[in-house]
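> Structure in structure tokens, see below.
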Amino acid sequence: MSIAVTCPKCRGKFELPRHPGERPIRCPLGGHFLQVPSHDSSDTGIQIGNSLQGVPVEDPDKPPHRPAPPRSPFPVQPLVIVLLGVLLLLLALSGSFNLWFLANPRGHFHGAEEARRAEELARQQAEQAKIAAQQAQFLEQQAKQREATLQQRVRELERQVEGLKMELDEAKGK
Ligand SMILES: [Zn+2]
């Protein structure tokens, strides 16, 4: 069943052997691209007489009579966009990584540093313990010396007491 179609651009009327459906067709009179609205939907197509008015559409595959814009061999624009996206992503990642790094000074990236610090701390503690031991030894020696002098003093006092007792006995005997 052939259908009559009116081109929306040049108003030219032509016939199609059957309805092309959603597929855009080309006007045989002016080379315009158009879509033919369905037969029964009066809201999408305007009926002119007994022909369906086409809806102008974008050229789907660049006809040869229309000079195509010069194409670069590579899709530069999408590439640039993708690269920019990757760059932004990297920036965001490095930024958040830096934040994480600063927020987690005890992260596993500091493991070696931590070990080094712990070793240093242990070494310092060992040194302090050694100094403390030396001090304790010194104090012990001092205490021993003091004890010795005190014992000596006690013995002296005992002797004095002995002497005084003897003097007292002598005085009693008289
Ligand atoms: Zn036309």
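Chain labels follow the order of the structure tokens: the first chain is A, the next B, and so on; residue numbering restarts at 1 in every chain, and ligands are counted from 1 in their shown order.
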Which residues of chain A have any atom within 10 Å of an atom in ligand 1 when counting only C-alpha atoms and all ligand atoms, and what is the closest pair of atoms for each, with the distance in Å to one decimal? Order the rows by chain and rising number and write it as JSON lines.


```
{"residue": "A:Thr6", "atom": "CA", "partner": "ligand 1", "partner_atom_place_in_ligand_line": "1 (Zn)", "distance": 8.0}
{"residue": "A:Cys7", "atom": "CA", "partner": "ligand 1", "partner_atom_place_in_ligand_line": "1 (Zn)", "distance": 4.7}
{"residue": "A:Pro8", "atom": "CA", "partner": "ligand 1", "partner_atom_place_in_ligand_line": "1 (Zn)", "distance": 6.7}
{"residue": "A:Lys9", "atom": "CA", "partner": "ligand 1", "partner_atom_place_in_ligand_line": "1 (Zn)", "distance": 5.1}
{"residue": "A:Cys10", "atom": "CA", "partner": "ligand 1", "partner_atom_place_in_ligand_line": "1 (Zn)", "distance": 4.2}
{"residue": "A:Arg11", "atom": "CA", "partner": "ligand 1", "partner_atom_place_in_ligand_line": "1 (Zn)", "distance": 6.3}
{"residue": "A:Gly12", "atom": "CA", "partner": "ligand 1", "partner_atom_place_in_ligand_line": "1 (Zn)", "distance": 5.6}
{"residue": "A:Lys13", "atom": "CA", "partner": "ligand 1", "partner_atom_place_in_ligand_line": "1 (Zn)", "distance": 8.2}
{"residue": "A:Phe14", "atom": "CA", "partner": "ligand 1", "partner_atom_place_in_ligand_line": "1 (Zn)", "distance": 9.3}
{"residue": "A:Arg26", "atom": "CA", "partner": "ligand 1", "partner_atom_place_in_ligand_line": "1 (Zn)", "distance": 7.8}
{"residue": "A:Cys27", "atom": "CA", "partner": "ligand 1", "partner_atom_place_in_ligand_line": "1 (Zn)", "distance": 4.7}
{"residue": "A:Pro28", "atom": "CA", "partner": "ligand 1", "partner_atom_place_in_ligand_line": "1 (Zn)", "distance": 6.8}
{"residue": "A:Leu29", "atom": "CA", "partner": "ligand 1", "partner_atom_place_in_ligand_line": "1 (Zn)", "distance": 5.2}
{"residue": "A:Gly30", "atom": "CA", "partner": "ligand 1", "partner_atom_place_in_ligand_line": "1 (Zn)", "distance": 4.1}
{"residue": "A:Gly31", "atom": "CA", "partner": "ligand 1", "partner_atom_place_in_ligand_line": "1 (Zn)", "distance": 5.8}
{"residue": "A:His32", "atom": "CA", "partner": "ligand 1", "partner_atom_place_in_ligand_line": "1 (Zn)", "distance": 4.7}
{"residue": "A:Phe33", "atom": "CA", "partner": "ligand 1", "partner_atom_place_in_ligand_line": "1 (Zn)", "distance": 7.6}
{"residue": "A:Leu34", "atom": "CA", "partner": "ligand 1", "partner_atom_place_in_ligand_line": "1 (Zn)", "distance": 8.4}
{"residue": "A:Gly54", "atom": "CA", "partner": "ligand 1", "partner_atom_place_in_ligand_line": "1 (Zn)", "distance": 9.5}
{"residue": "A:Pro56", "atom": "CA", "partner": "ligand 1", "partner_atom_place_in_ligand_line": "1 (Zn)", "distance": 9.4}
```

> Could you list, as a list in words, every residue within 10 Å of Leu16 of chain A, counting only C-alpha atoms and ignoring same-chain residues fewer than 6 positions away?

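Surrounding residues, per the criterion: Met1, Ser2, Ile3, Ala4, Val5 and Ile25 of chain A.
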
> Apply DSSP to the structure's backbone, then extract all residues of chain A labelled helix (DSSP H, G or I) and return them as a PyMOL selection string.

chain A and resi 76-103+108-173

> Could the residues in this selection be written to a file with C-alpha atoms, as a JSON list (two decimals), in the first residue's frame?


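Result file is result34.json:
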```json
[["chain", "number", "residue", "atom", "x", "y", "z"],
["A", 76, "VAL", "CA", 40.64, 14.62, 19.39],
["A", 77, "GLN", "CA", 37.80, 16.17, 21.35],
["A", 78, "PRO", "CA", 36.60, 12.99, 23.11],
["A", 79, "LEU", "CA", 40.21, 12.04, 23.75],
["A", 80, "VAL", "CA", 40.87, 15.42, 25.38],
["A", 81, "ILE", "CA", 37.73, 15.05, 27.46],
["A", 82, "VAL", "CA", 38.74, 11.54, 28.55],
["A", 83, "LEU", "CA", 42.26, 12.71, 29.38],
["A", 84, "LEU", "CA", 40.92, 15.64, 31.36],
["A", 85, "GLY", "CA", 38.62, 13.27, 33.21],
["A", 86, "VAL", "CA", 41.50, 10.93, 34.02],
["A", 87, "LEU", "CA", 43.61, 13.88, 35.16],
["A", 88, "LEU", "CA", 40.84, 15.16, 37.39],
["A", 89, "LEU", "CA", 40.34, 11.68, 38.80],
["A", 90, "LEU", "CA", 44.08, 11.38, 39.51],
["A", 91, "LEU", "CA", 44.07, 14.81, 41.13],
["A", 92, "ALA", "CA", 41.11, 13.87, 43.30],
["A", 93, "LEU", "CA", 42.73, 10.54, 44.18],
["A", 94, "SER", "CA", 46.07, 12.11, 45.08],
["A", 95, "GLY", "CA", 44.30, 14.81, 47.06],
["A", 96, "SER", "CA", 42.33, 12.31, 49.06],
["A", 97, "PHE", "CA", 45.41, 10.13, 49.40],
["A", 98, "ASN", "CA", 47.34, 13.09, 50.82],
["A", 99, "LEU", "CA", 44.50, 13.79, 53.22],
["A", 100, "TRP", "CA", 44.43, 10.14, 54.27],
["A", 101, "PHE", "CA", 48.22, 10.18, 54.59],
["A", 102, "LEU", "CA", 48.13, 13.26, 56.82],
["A", 103, "ALA", "CA", 45.19, 11.95, 58.82],
["A", 108, "HIS", "CA", 51.46, 1.17, 57.06],
["A", 109, "PHE", "CA", 53.47, 3.58, 54.92],
["A", 110, "HIS", "CA", 55.09, 4.69, 58.18],
["A", 111, "GLY", "CA", 55.91, 1.16, 59.29],
["A", 112, "ALA", "CA", 59.65, 1.48, 58.76],
["A", 113, "GLU", "CA", 59.70, 4.89, 60.42],
["A", 114, "GLU", "CA", 57.71, 3.48, 63.35],
["A", 115, "ALA", "CA", 60.14, 0.59, 63.76],
["A", 116, "ARG", "CA", 63.08, 2.99, 63.66],
["A", 117, "ARG", "CA", 61.46, 5.19, 66.33],
["A", 118, "ALA", "CA", 60.66, 2.19, 68.52],
["A", 119, "GLU", "CA", 64.25, 0.99, 68.24],
["A", 120, "GLU", "CA", 65.53, 4.46, 69.15],
["A", 121, "LEU", "CA", 63.15, 4.59, 72.11],
["A", 122, "ALA", "CA", 64.25, 1.14, 73.30],
["A", 123, "ARG", "CA", 67.89, 2.18, 72.99],
["A", 124, "GLN", "CA", 67.24, 5.34, 75.02],
["A", 125, "GLN", "CA", 65.36, 3.37, 77.67],
["A", 126, "ALA", "CA", 68.21, 0.85, 77.92],
["A", 127, "GLU", "CA", 70.69, 3.71, 78.38],
["A", 128, "GLN", "CA", 68.50, 5.29, 81.05],
["A", 129, "ALA", "CA", 68.21, 1.94, 82.81],
["A", 130, "LYS", "CA", 72.02, 1.59, 82.75],
["A", 131, "ILE", "CA", 72.43, 5.09, 84.22],
["A", 132, "ALA", "CA", 69.83, 4.29, 86.88],
["A", 133, "ALA", "CA", 71.67, 1.06, 87.75],
["A", 134, "GLN", "CA", 74.96, 2.96, 88.04],
["A", 135, "GLN", "CA", 73.28, 5.54, 90.28],
["A", 136, "ALA", "CA", 71.79, 2.78, 92.43],
["A", 137, "GLN", "CA", 75.21, 1.13, 92.74],
["A", 138, "PHE", "CA", 76.76, 4.44, 93.72],
["A", 139, "LEU", "CA", 74.06, 5.07, 96.32],
["A", 140, "GLU", "CA", 74.53, 1.54, 97.68],
["A", 141, "GLN", "CA", 78.26, 2.11, 97.99],
["A", 142, "GLN", "CA", 77.61, 5.42, 99.76],
["A", 143, "ALA", "CA", 75.15, 3.74, 102.08],
["A", 144, "LYS", "CA", 77.66, 0.98, 102.85],
["A", 145, "GLN", "CA", 80.36, 3.55, 103.58],
["A", 146, "ARG", "CA", 77.99, 5.44, 105.85],
["A", 147, "GLU", "CA", 77.05, 2.22, 107.63],
["A", 148, "ALA", "CA", 80.71, 1.39, 108.09],
["A", 149, "THR", "CA", 81.47, 4.82, 109.56],
["A", 150, "LEU", "CA", 78.40, 4.54, 111.78],
["A", 151, "GLN", "CA", 79.48, 1.11, 113.01],
["A", 152, "GLN", "CA", 82.92, 2.51, 113.71],
["A", 153, "ARG", "CA", 81.32, 5.39, 115.61],
["A", 154, "VAL", "CA", 79.15, 2.93, 117.53],
["A", 155, "ARG", "CA", 82.23, 0.92, 118.49],
["A", 156, "GLU", "CA", 84.01, 4.12, 119.60],
["A", 157, "LEU", "CA", 81.00, 5.08, 121.70],
["A", 158, "GLU", "CA", 80.88, 1.58, 123.18],
["A", 159, "ARG", "CA", 84.54, 1.87, 124.11],
["A", 160, "GLN", "CA", 83.87, 5.27, 125.67],
["A", 161, "VAL", "CA", 80.95, 3.77, 127.61],
["A", 162, "GLU", "CA", 83.23, 0.93, 128.71],
["A", 163, "GLY", "CA", 85.83, 3.46, 129.88],
["A", 164, "LEU", "CA", 83.23, 5.49, 131.73],
["A", 165, "LYS", "CA", 81.90, 2.34, 133.42],
["A", 166, "MET", "CA", 85.40, 1.43, 134.56],
["A", 167, "GLU", "CA", 85.93, 4.98, 135.87],
["A", 168, "LEU", "CA", 82.61, 4.72, 137.66],
["A", 169, "ASP", "CA", 83.55, 1.36, 139.22],
["A", 170, "GLU", "CA", 86.89, 2.82, 140.33],
["A", 171, "ALA", "CA", 85.10, 5.75, 141.89],
["A", 172, "LYS", "CA", 82.67, 3.39, 143.66],
["A", 173, "GLY", "CA", 85.54, 1.26, 144.95]]
```

> Can you measure atom CA of Pro37 of chain A to atom CA of Ser51 of chain A for me? One decimal in Å is fine.

10.8 Å

> Using atom CA of Pro24 of chain A and atom CA of Pro75 of chain A as the two end points, give the distance in Å to one decimal.

26.4 Å

> Smallest atom-to-atom distance to Arg23 of chain A: which of A:Gln35, A:Val57, A:Lys174, A:Pro70, using only C-alpha atoms?

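That would be A:Gln35, the residue with the smallest distance to Arg23 of chain A.
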